[in-house]
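Text of the file data_32.cif, holding mmCIF, N, CA and C atoms:
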```cif
data_protein
#
loop_
_atom_site.label_atom_id
_atom_site.label_comp_id
_atom_site.auth_asym_id
_atom_site.auth_seq_id
_atom_site.Cartn_x
_atom_site.Cartn_y
_atom_site.Cartn_z
N MET C 28 115.39 66.72 115.39
CA MET C 28 115.96 67.45 114.26
C MET C 28 115.88 68.95 114.54
N GLU C 29 116.99 69.66 114.31
CA GLU C 29 116.99 71.11 114.41
C GLU C 29 116.24 71.68 113.21
N ARG C 30 115.56 72.79 113.42
CA ARG C 30 114.80 73.44 112.35
C ARG C 30 115.10 74.93 112.34
N VAL C 31 114.97 75.55 111.17
CA VAL C 31 115.11 77.00 111.11
C VAL C 31 113.90 77.62 111.81
N THR C 32 114.07 78.82 112.32
CA THR C 32 112.99 79.48 113.06
C THR C 32 112.41 80.69 112.34
N GLY C 33 112.95 81.03 111.21
CA GLY C 33 112.44 82.17 110.46
C GLY C 33 113.47 82.63 109.45
N ILE C 34 113.10 83.59 108.66
CA ILE C 34 114.01 84.16 107.67
C ILE C 34 114.93 85.13 108.42
N GLY C 35 116.21 84.95 108.30
CA GLY C 35 117.17 85.80 108.98
C GLY C 35 117.68 86.94 108.13
N GLY C 36 117.48 86.87 106.83
CA GLY C 36 117.94 87.94 105.96
C GLY C 36 117.67 87.60 104.51
N TYR C 37 117.73 88.59 103.68
CA TYR C 37 117.62 88.43 102.23
C TYR C 37 118.67 89.35 101.65
N PHE C 38 119.56 88.83 100.83
CA PHE C 38 120.71 89.58 100.36
C PHE C 38 120.65 89.69 98.84
N MET C 39 120.95 90.88 98.33
CA MET C 39 120.84 91.15 96.90
C MET C 39 122.10 91.81 96.38
N ARG C 40 122.54 91.41 95.20
CA ARG C 40 123.62 92.13 94.51
C ARG C 40 122.99 93.38 93.89
N ALA C 41 123.77 94.45 93.81
CA ALA C 41 123.26 95.68 93.19
C ALA C 41 124.41 96.46 92.58
N ALA C 42 124.15 97.08 91.45
CA ALA C 42 125.15 97.95 90.83
C ALA C 42 125.40 99.16 91.72
N ASP C 43 124.36 99.63 92.41
CA ASP C 43 124.47 100.77 93.32
C ASP C 43 123.73 100.41 94.60
N PRO C 44 124.40 99.72 95.54
CA PRO C 44 123.73 99.26 96.76
C PRO C 44 123.08 100.38 97.57
N ALA C 45 123.73 101.52 97.68
CA ALA C 45 123.16 102.63 98.46
C ALA C 45 121.87 103.13 97.83
N ALA C 46 121.85 103.29 96.51
CA ALA C 46 120.65 103.76 95.82
C ALA C 46 119.53 102.74 95.92
N LEU C 47 119.86 101.46 95.80
CA LEU C 47 118.82 100.44 95.90
C LEU C 47 118.24 100.38 97.31
N SER C 48 119.10 100.48 98.32
CA SER C 48 118.62 100.53 99.71
C SER C 48 117.71 101.73 99.92
N ALA C 49 118.09 102.88 99.36
CA ALA C 49 117.27 104.08 99.48
C ALA C 49 115.92 103.88 98.81
N TRP C 50 115.88 103.21 97.66
CA TRP C 50 114.60 102.96 96.97
C TRP C 50 113.67 102.13 97.85
N TYR C 51 114.19 101.07 98.46
CA TYR C 51 113.36 100.23 99.33
C TYR C 51 112.88 101.02 100.55
N ARG C 52 113.71 101.89 101.07
CA ARG C 52 113.32 102.71 102.22
C ARG C 52 112.26 103.74 101.80
N GLU C 53 112.51 104.47 100.72
CA GLU C 53 111.64 105.56 100.30
C GLU C 53 110.35 105.11 99.64
N CYS C 54 110.39 104.02 98.89
CA CYS C 54 109.20 103.57 98.16
C CYS C 54 108.36 102.56 98.94
N LEU C 55 109.01 101.69 99.70
CA LEU C 55 108.29 100.65 100.41
C LEU C 55 108.26 100.86 101.93
N GLY C 56 109.00 101.86 102.41
CA GLY C 56 109.00 102.13 103.85
C GLY C 56 109.81 101.13 104.65
N LEU C 57 110.74 100.44 104.01
CA LEU C 57 111.56 99.44 104.70
C LEU C 57 112.70 100.18 105.42
N ASP C 58 112.50 100.46 106.69
CA ASP C 58 113.44 101.25 107.47
C ASP C 58 114.50 100.36 108.12
N ALA C 59 115.47 99.96 107.34
CA ALA C 59 116.60 99.18 107.86
C ALA C 59 117.64 100.14 108.42
N ASP C 60 118.37 99.68 109.44
CA ASP C 60 119.43 100.52 109.99
C ASP C 60 120.69 100.41 109.12
N GLU C 61 121.79 101.01 109.57
CA GLU C 61 123.01 101.05 108.76
C GLU C 61 123.61 99.67 108.50
N HIS C 62 123.18 98.67 109.27
CA HIS C 62 123.65 97.30 109.08
C HIS C 62 122.64 96.44 108.30
N GLY C 63 121.54 97.07 107.90
CA GLY C 63 120.50 96.34 107.18
C GLY C 63 119.48 95.69 108.08
N LEU C 64 119.57 95.88 109.39
CA LEU C 64 118.63 95.25 110.32
C LEU C 64 117.28 95.95 110.26
N TRP C 65 116.24 95.16 110.06
CA TRP C 65 114.87 95.67 109.93
C TRP C 65 113.99 94.81 110.81
N GLN C 66 113.20 95.43 111.66
CA GLN C 66 112.27 94.71 112.53
C GLN C 66 110.93 94.62 111.83
N GLN C 67 110.62 93.45 111.28
CA GLN C 67 109.37 93.29 110.55
C GLN C 67 108.24 92.93 111.50
N GLY C 68 107.02 93.17 111.06
CA GLY C 68 105.84 92.80 111.83
C GLY C 68 105.63 91.29 111.81
N ALA C 69 105.05 90.79 112.86
CA ALA C 69 104.75 89.36 112.93
C ALA C 69 103.68 89.00 111.89
N GLY C 70 103.79 87.83 111.34
CA GLY C 70 102.81 87.39 110.36
C GLY C 70 103.33 86.20 109.59
N PRO C 71 102.51 85.70 108.68
CA PRO C 71 102.89 84.51 107.93
C PRO C 71 103.99 84.78 106.93
N THR C 72 104.78 83.77 106.66
CA THR C 72 105.81 83.81 105.62
C THR C 72 105.65 82.56 104.77
N VAL C 73 105.70 82.73 103.47
CA VAL C 73 105.57 81.60 102.55
C VAL C 73 106.95 81.23 102.03
N PHE C 74 107.26 79.95 102.04
CA PHE C 74 108.47 79.43 101.41
C PHE C 74 107.98 78.45 100.36
N ALA C 75 108.17 78.77 99.08
CA ALA C 75 107.65 77.92 98.01
C ALA C 75 108.66 77.82 96.87
N THR C 76 108.66 76.70 96.21
CA THR C 76 109.51 76.51 95.03
C THR C 76 108.63 76.54 93.78
N PHE C 77 109.21 76.94 92.67
CA PHE C 77 108.52 77.05 91.40
C PHE C 77 109.29 76.28 90.34
N GLU C 78 108.62 75.89 89.29
CA GLU C 78 109.28 75.25 88.15
C GLU C 78 110.31 76.21 87.58
N SER C 79 111.42 75.68 87.06
CA SER C 79 112.50 76.53 86.56
C SER C 79 112.08 77.41 85.40
N GLY C 80 111.09 77.03 84.64
CA GLY C 80 110.64 77.81 83.49
C GLY C 80 109.55 78.82 83.79
N THR C 81 109.23 79.03 85.06
CA THR C 81 108.13 79.94 85.40
C THR C 81 108.40 81.36 84.92
N ASP C 82 107.35 82.07 84.53
CA ASP C 82 107.49 83.49 84.20
C ASP C 82 106.95 84.35 85.34
N TYR C 83 106.60 83.71 86.46
CA TYR C 83 106.01 84.41 87.60
C TYR C 83 106.97 85.45 88.19
N PHE C 84 108.27 85.23 88.08
CA PHE C 84 109.26 86.14 88.67
C PHE C 84 109.60 87.29 87.73
N GLY C 85 109.01 87.33 86.56
CA GLY C 85 109.37 88.35 85.58
C GLY C 85 110.47 87.83 84.69
N SER C 86 111.62 88.41 84.76
CA SER C 86 112.76 88.03 83.92
C SER C 86 113.20 86.59 84.21
N PRO C 87 113.47 85.80 83.16
CA PRO C 87 113.98 84.44 83.38
C PRO C 87 115.32 84.42 84.13
N ALA C 88 116.06 85.54 84.12
CA ALA C 88 117.33 85.61 84.83
C ALA C 88 117.14 85.73 86.34
N GLN C 89 115.96 86.15 86.78
CA GLN C 89 115.71 86.31 88.22
C GLN C 89 115.41 84.94 88.83
N GLN C 90 116.26 84.50 89.73
CA GLN C 90 116.14 83.17 90.32
C GLN C 90 115.26 83.12 91.57
N THR C 91 115.10 84.23 92.24
CA THR C 91 114.27 84.30 93.44
C THR C 91 113.41 85.55 93.38
N MET C 92 112.37 85.60 94.19
CA MET C 92 111.54 86.80 94.24
C MET C 92 111.21 87.10 95.70
N LEU C 93 111.45 88.33 96.09
CA LEU C 93 111.12 88.80 97.42
C LEU C 93 109.64 89.13 97.47
N ASN C 94 108.99 88.75 98.56
CA ASN C 94 107.56 89.02 98.76
C ASN C 94 107.42 89.76 100.08
N PHE C 95 106.74 90.89 100.07
CA PHE C 95 106.48 91.65 101.29
C PHE C 95 104.98 91.63 101.60
N ARG C 96 104.65 91.45 102.87
CA ARG C 96 103.27 91.61 103.31
C ARG C 96 102.95 93.10 103.39
N VAL C 97 101.75 93.47 102.98
CA VAL C 97 101.28 94.86 103.10
C VAL C 97 99.87 94.86 103.69
N ARG C 98 99.50 95.95 104.35
CA ARG C 98 98.15 96.05 104.92
C ARG C 98 97.12 96.36 103.86
N ASP C 99 97.45 97.27 102.94
CA ASP C 99 96.50 97.75 101.94
C ASP C 99 97.20 97.77 100.58
N LEU C 100 96.96 96.74 99.80
CA LEU C 100 97.64 96.60 98.51
C LEU C 100 97.36 97.77 97.59
N ASP C 101 96.09 98.18 97.50
CA ASP C 101 95.74 99.28 96.60
C ASP C 101 96.47 100.56 96.98
N ALA C 102 96.53 100.87 98.27
CA ALA C 102 97.23 102.07 98.73
C ALA C 102 98.72 101.98 98.44
N MET C 103 99.32 100.82 98.65
CA MET C 103 100.75 100.65 98.38
C MET C 103 101.05 100.81 96.90
N LEU C 104 100.23 100.21 96.04
CA LEU C 104 100.45 100.32 94.60
C LEU C 104 100.30 101.76 94.14
N ALA C 105 99.31 102.47 94.68
CA ALA C 105 99.11 103.89 94.34
C ALA C 105 100.32 104.72 94.79
N GLN C 106 100.83 104.43 95.98
CA GLN C 106 102.01 105.14 96.51
C GLN C 106 103.21 104.91 95.60
N LEU C 107 103.40 103.67 95.17
CA LEU C 107 104.52 103.35 94.29
C LEU C 107 104.38 104.04 92.93
N ARG C 108 103.18 104.03 92.38
CA ARG C 108 102.95 104.70 91.09
C ARG C 108 103.22 106.20 91.21
N ALA C 109 102.81 106.80 92.32
CA ALA C 109 103.02 108.24 92.54
C ALA C 109 104.51 108.57 92.60
N ARG C 110 105.33 107.61 93.02
CA ARG C 110 106.78 107.82 93.09
C ARG C 110 107.47 107.45 91.76
N GLY C 111 106.68 107.06 90.76
CA GLY C 111 107.24 106.72 89.46
C GLY C 111 107.80 105.32 89.35
N ALA C 112 107.46 104.45 90.30
CA ALA C 112 107.97 103.07 90.28
C ALA C 112 107.32 102.28 89.15
N ASP C 113 108.01 101.24 88.73
CA ASP C 113 107.55 100.34 87.67
C ASP C 113 106.60 99.30 88.28
N VAL C 114 105.31 99.64 88.30
CA VAL C 114 104.29 98.80 88.93
C VAL C 114 103.51 98.05 87.85
N ALA C 115 103.35 96.74 88.03
CA ALA C 115 102.55 95.95 87.09
C ALA C 115 101.10 96.41 87.16
N GLU C 116 100.45 96.43 86.03
CA GLU C 116 99.05 96.86 85.97
C GLU C 116 98.12 95.85 86.64
N GLU C 117 98.41 94.57 86.47
CA GLU C 117 97.51 93.54 86.99
C GLU C 117 97.75 93.28 88.47
N THR C 118 96.69 92.83 89.12
CA THR C 118 96.78 92.29 90.47
C THR C 118 96.13 90.91 90.41
N GLN C 119 96.34 90.13 91.46
CA GLN C 119 95.78 88.78 91.49
C GLN C 119 95.11 88.56 92.84
N ASP C 120 93.91 87.99 92.80
CA ASP C 120 93.20 87.61 94.02
C ASP C 120 93.18 86.09 94.09
N MET C 121 93.60 85.54 95.24
CA MET C 121 93.55 84.10 95.45
C MET C 121 92.68 83.84 96.67
N GLU C 122 91.55 83.21 96.45
CA GLU C 122 90.59 82.92 97.52
C GLU C 122 91.28 82.26 98.71
N GLY C 123 91.12 82.85 99.88
CA GLY C 123 91.68 82.29 101.10
C GLY C 123 93.16 82.57 101.31
N VAL C 124 93.83 83.12 100.29
CA VAL C 124 95.27 83.39 100.37
C VAL C 124 95.53 84.90 100.44
N GLY C 125 94.81 85.67 99.63
CA GLY C 125 94.97 87.11 99.65
C GLY C 125 95.11 87.70 98.27
N ARG C 126 95.57 88.94 98.23
CA ARG C 126 95.72 89.69 96.98
C ARG C 126 97.20 89.97 96.75
N PHE C 127 97.58 90.01 95.48
CA PHE C 127 98.97 90.20 95.10
C PHE C 127 99.12 91.29 94.04
N GLY C 128 100.21 92.01 94.12
CA GLY C 128 100.61 92.99 93.12
C GLY C 128 102.12 92.94 93.01
N TRP C 129 102.67 93.60 92.00
CA TRP C 129 104.11 93.51 91.75
C TRP C 129 104.70 94.86 91.38
N VAL C 130 105.93 95.07 91.80
CA VAL C 130 106.71 96.24 91.42
C VAL C 130 108.10 95.74 91.05
N THR C 131 108.74 96.43 90.12
CA THR C 131 110.11 96.10 89.75
C THR C 131 111.01 97.20 90.29
N ASP C 132 112.02 96.80 91.06
CA ASP C 132 112.91 97.79 91.67
C ASP C 132 113.86 98.36 90.61
N PRO C 133 114.61 99.41 90.94
CA PRO C 133 115.49 100.04 89.95
C PRO C 133 116.58 99.14 89.38
N GLU C 134 116.86 98.02 90.04
CA GLU C 134 117.88 97.08 89.53
C GLU C 134 117.25 95.98 88.68
N GLY C 135 115.92 96.05 88.47
CA GLY C 135 115.24 95.08 87.62
C GLY C 135 114.69 93.86 88.33
N ASN C 136 114.68 93.87 89.67
CA ASN C 136 114.14 92.75 90.44
C ASN C 136 112.64 92.91 90.64
N ARG C 137 111.89 91.91 90.23
CA ARG C 137 110.45 91.93 90.46
C ARG C 137 110.20 91.56 91.92
N VAL C 138 109.39 92.38 92.60
CA VAL C 138 109.06 92.20 94.01
C VAL C 138 107.55 92.01 94.11
N GLU C 139 107.14 91.01 94.86
CA GLU C 139 105.71 90.75 95.05
C GLU C 139 105.23 91.41 96.33
N LEU C 140 104.04 91.99 96.28
CA LEU C 140 103.40 92.60 97.43
C LEU C 140 102.15 91.79 97.73
N TRP C 141 101.99 91.39 98.98
CA TRP C 141 100.91 90.46 99.37
C TRP C 141 100.08 91.05 100.48
N GLU C 142 98.79 91.18 100.23
CA GLU C 142 97.84 91.57 101.26
C GLU C 142 97.11 90.31 101.70
N PRO C 143 97.55 89.71 102.84
CA PRO C 143 96.88 88.50 103.32
C PRO C 143 95.41 88.79 103.67
N PRO C 144 94.58 87.76 103.72
CA PRO C 144 93.18 88.01 104.09
C PRO C 144 93.09 88.53 105.52
N ALA C 145 92.11 89.36 105.75
CA ALA C 145 91.93 89.96 107.10
C ALA C 145 91.50 88.92 108.11
#
```
As structure tokens - that is how I would like this structure written.
Amino acid sequence: MERVTGIGGYFMRAADPAALSAWYRECLGLDADEHGLWQQGAGPTVFATFESGTDYFGSPAQQTMLNFRVRDLDAMLAQLRARGADVAEETQDMEGVGRFGWVTDPEGNRVELWEPPA
């Protein structure tokens, strides 16, 4: 059986694609080129499904949630707050899995930030 080998892309609709791309570049450091190509660091990726009624993604209209690995969750959240981003106050620690925090991008998409265990 053929199998996928990794995530090849994540595509989002946006009212202002250029501004949203700039937000991801300036606030999260996601340096994609003019075609959207970004060389991410090696590491684990989670693919999980959730119940349709979950509130984990924020708005019930949001069908998927992007999750980024970060080295230092506290530093990333502080950086986002300093830039005026909409950062959730709470964080979550999951034993053996890591720490999680959330930010909502300017288009209203909740994004999860994950600091895997060292």
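Atom CA of C:Phe95 lies 14.2 Å from atom CA of C:Ala75.
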Box centre and edge lengths (Å, one decimal), axis-aligned, stretch 87-94 of chain C plus 3 Å each side, as AutoDock Vina command-line options:
```
--center_x 112.4 --center_y 86.4 --center_z 91.6 --size_x 15.9 --size_y 12.6 --size_z 22.9
```
- prompt: What is the atom C of C:Gly80 to atom N of C:Met92 distance in Å?
  reply: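 Computing the Euclidean distance for atom C of C:Gly80 and atom N of C:Met92 yields 12.7 Å.
Considering the residues C:Val97, C:Ala115, C:Leu104, C:Ala41 and counting only C-alpha atoms, C:Leu57 has its shortest atom-to-atom contact with C:Val97.
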message: Considering only helix (DSSP H, G or I) as DSSP defines it on the backbone, what residues of stretch 31-65 of chain C qualify? List them as an MDAnalysis selection string.
response: chainID C and resid 44:55
task: Excluding stretch 123-130 of chain C and any residue of its chain fewer than 4 positions from it, enumerate the residues within 7 Å of it, using only N, CA and C atoms, and give them as a list of chain:residue names.
output: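 Everything that qualifies: C:Leu100, C:Ala112, C:Asp113, C:Val114, C:Ala115, C:Glu116, C:Glu117, C:Thr118, C:Gln119, C:Asn136, C:Arg137, C:Val138, C:Glu139, C:Leu140, C:Trp141, C:Glu142, C:Pro143, C:Pro144.
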field: Two-atom distance - atom CA of C:Met103, atom CA of C:Tyr37 (Å)
entry: 21.2 Å
task: Identify, on the basis of only C-alpha atoms, every residue whose closest approach to stretch 45-53 of chain C does not exceed 12 Å; exclude the query and any residue fewer than 4 positions from it along the same chain; express the result as a ChimeraX atom specification.
output: /C:38-41,57-65,93,95,106-107,109-113,130-136,138
- prompt: Please, which residues of chain C, numbered as in this document, come out strand (DSSP E) from DSSP, as a list in words?
  reply: Leu93, Asn94, Phe95, Arg96, Asp113, Val114, Gln119, Asp120, Met121, Gly125, Arg126, Phe127, Gly128, Trp129, Val130, Thr131, Arg137, Val138, Glu139, Leu140, Trp141 and Glu142 of chain C
message: Nearest residue to C:Pro71 out of C:Gly85, C:Asp120, C:Asp43, C:Arg96, using only N, CA and C atoms?
response: C:Arg96
- request: For each of C:Gly56, C:Gly68, C:Val73, C:Gly33, take the minimum atom-to-atom distance to C:Asn94, counting all atoms listed in the file, then give the residue where this is smallest.
  value: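 Between C:Gly56, C:Gly68, C:Val73, C:Gly33, the residue approaching C:Asn94 most closely is C:Val73.
With distances taken from (107.7, 81.4, 108.4) and restricted to only C-alpha atoms, the residues inside 10 Å are C:Val31, C:Thr32, C:Gly33, C:Ile34, C:Ala69, C:Gly70, C:Pro71, C:Thr72, C:Val73, C:Phe74.
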Would you mind completing stretch 114-125 of chain C so that it carries all heavy atoms, and writing it out as a PDB file, in the coordinates of the input?
```pdb
ATOM      1  N   VAL C 114     105.310  99.640  88.300  1.00  0.00           N
ATOM      2  CA  VAL C 114     104.290  98.800  88.930  1.00  0.00           C
ATOM      3  C   VAL C 114     103.510  98.050  87.850  1.00  0.00           C
ATOM      4  O   VAL C 114     103.060  98.649  86.873  1.00  0.00           O
ATOM      5  CB  VAL C 114     103.314  99.663  89.773  1.00  0.00           C
ATOM      6  CG1 VAL C 114     102.217  98.812  90.387  1.00  0.00           C
ATOM      7  CG2 VAL C 114     104.079 100.425  90.846  1.00  0.00           C
ATOM      8  N   ALA C 115     103.350  96.740  88.030  1.00  0.00           N
ATOM      9  CA  ALA C 115     102.550  95.950  87.090  1.00  0.00           C
ATOM     10  C   ALA C 115     101.100  96.410  87.160  1.00  0.00           C
ATOM     11  O   ALA C 115     100.592  96.730  88.231  1.00  0.00           O
ATOM     12  CB  ALA C 115     102.660  94.464  87.436  1.00  0.00           C
ATOM     13  N   GLU C 116     100.450  96.430  86.030  1.00  0.00           N
ATOM     14  CA  GLU C 116      99.050  96.860  85.970  1.00  0.00           C
ATOM     15  C   GLU C 116      98.120  95.850  86.640  1.00  0.00           C
ATOM     16  O   GLU C 116      97.154  96.236  87.285  1.00  0.00           O
ATOM     17  CB  GLU C 116      98.613  97.067  84.513  1.00  0.00           C
ATOM     18  CG  GLU C 116      99.225  98.295  83.877  1.00  0.00           C
ATOM     19  CD  GLU C 116      98.857  99.581  84.603  1.00  0.00           C
ATOM     20  OE1 GLU C 116      97.683  99.746  84.991  1.00  0.00           O
ATOM     21  OE2 GLU C 116      99.758 100.413  84.790  1.00  0.00           O
ATOM     22  N   GLU C 117      98.410  94.570  86.470  1.00  0.00           N
ATOM     23  CA  GLU C 117      97.510  93.540  86.990  1.00  0.00           C
ATOM     24  C   GLU C 117      97.750  93.280  88.470  1.00  0.00           C
ATOM     25  O   GLU C 117      98.830  93.510  88.996  1.00  0.00           O
ATOM     26  CB  GLU C 117      97.668  92.229  86.198  1.00  0.00           C
ATOM     27  CG  GLU C 117      98.899  91.407  86.544  1.00  0.00           C
ATOM     28  CD  GLU C 117     100.188  91.839  85.854  1.00  0.00           C
ATOM     29  OE1 GLU C 117     100.178  92.791  85.064  1.00  0.00           O
ATOM     30  OE2 GLU C 117     101.223  91.211  86.144  1.00  0.00           O
ATOM     31  N   THR C 118      96.690  92.830  89.120  1.00  0.00           N
ATOM     32  CA  THR C 118      96.780  92.290  90.470  1.00  0.00           C
ATOM     33  C   THR C 118      96.130  90.910  90.410  1.00  0.00           C
ATOM     34  O   THR C 118      95.468  90.571  89.435  1.00  0.00           O
ATOM     35  CB  THR C 118      96.046  93.167  91.514  1.00  0.00           C
ATOM     36  OG1 THR C 118      94.674  93.278  91.161  1.00  0.00           O
ATOM     37  CG2 THR C 118      96.689  94.546  91.633  1.00  0.00           C
ATOM     38  N   GLN C 119      96.340  90.130  91.460  1.00  0.00           N
ATOM     39  CA  GLN C 119      95.780  88.780  91.490  1.00  0.00           C
ATOM     40  C   GLN C 119      95.110  88.560  92.840  1.00  0.00           C
ATOM     41  O   GLN C 119      95.667  88.907  93.873  1.00  0.00           O
ATOM     42  CB  GLN C 119      96.881  87.747  91.276  1.00  0.00           C
ATOM     43  CG  GLN C 119      96.388  86.316  91.281  1.00  0.00           C
ATOM     44  CD  GLN C 119      97.534  85.324  91.098  1.00  0.00           C
ATOM     45  OE1 GLN C 119      98.698  85.636  91.287  1.00  0.00           O
ATOM     46  NE2 GLN C 119      97.190  84.107  90.742  1.00  0.00           N
ATOM     47  N   ASP C 120      93.910  87.990  92.800  1.00  0.00           N
ATOM     48  CA  ASP C 120      93.200  87.610  94.020  1.00  0.00           C
ATOM     49  C   ASP C 120      93.180  86.090  94.090  1.00  0.00           C
ATOM     50  O   ASP C 120      92.804  85.432  93.123  1.00  0.00           O
ATOM     51  CB  ASP C 120      91.748  88.113  93.981  1.00  0.00           C
ATOM     52  CG  ASP C 120      91.672  89.622  94.005  1.00  0.00           C
ATOM     53  OD1 ASP C 120      92.141  90.212  94.992  1.00  0.00           O
ATOM     54  OD2 ASP C 120      91.145  90.204  93.041  1.00  0.00           O
ATOM     55  N   MET C 121      93.600  85.540  95.240  1.00  0.00           N
ATOM     56  CA  MET C 121      93.550  84.100  95.450  1.00  0.00           C
ATOM     57  C   MET C 121      92.680  83.840  96.670  1.00  0.00           C
ATOM     58  O   MET C 121      93.041  84.250  97.782  1.00  0.00           O
ATOM     59  CB  MET C 121      94.947  83.517  95.656  1.00  0.00           C
ATOM     60  CG  MET C 121      95.804  83.539  94.411  1.00  0.00           C
ATOM     61  SD  MET C 121      97.442  82.800  94.682  1.00  0.00           S
ATOM     62  CE  MET C 121      96.980  81.085  94.938  1.00  0.00           C
ATOM     63  N   GLU C 122      91.550  83.210  96.450  1.00  0.00           N
ATOM     64  CA  GLU C 122      90.590  82.920  97.520  1.00  0.00           C
ATOM     65  C   GLU C 122      91.280  82.260  98.710  1.00  0.00           C
ATOM     66  O   GLU C 122      91.980  81.260  98.558  1.00  0.00           O
ATOM     67  CB  GLU C 122      89.485  82.014  96.992  1.00  0.00           C
ATOM     68  CG  GLU C 122      88.488  81.602  98.032  1.00  0.00           C
ATOM     69  CD  GLU C 122      87.130  82.209  97.813  1.00  0.00           C
ATOM     70  OE1 GLU C 122      86.875  82.729  96.716  1.00  0.00           O
ATOM     71  OE2 GLU C 122      86.337  82.142  98.738  1.00  0.00           O
ATOM     72  N   GLY C 123      91.120  82.850  99.880  1.00  0.00           N
ATOM     73  CA  GLY C 123      91.680  82.290 101.100  1.00  0.00           C
ATOM     74  C   GLY C 123      93.160  82.570 101.310  1.00  0.00           C
ATOM     75  O   GLY C 123      93.705  82.283 102.364  1.00  0.00           O
ATOM     76  N   VAL C 124      93.830  83.120 100.290  1.00  0.00           N
ATOM     77  CA  VAL C 124      95.270  83.390 100.370  1.00  0.00           C
ATOM     78  C   VAL C 124      95.530  84.900 100.440  1.00  0.00           C
ATOM     79  O   VAL C 124      96.367  85.355 101.199  1.00  0.00           O
ATOM     80  CB  VAL C 124      96.022  82.775  99.169  1.00  0.00           C
ATOM     81  CG1 VAL C 124      97.497  83.120  99.207  1.00  0.00           C
ATOM     82  CG2 VAL C 124      95.814  81.266  99.140  1.00  0.00           C
ATOM     83  N   GLY C 125      94.810  85.670  99.630  1.00  0.00           N
ATOM     84  CA  GLY C 125      94.970  87.110  99.650  1.00  0.00           C
ATOM     85  C   GLY C 125      95.110  87.700  98.270  1.00  0.00           C
ATOM     86  O   GLY C 125      94.817  87.061  97.269  1.00  0.00           O
TER      87      GLY C 125
END
```
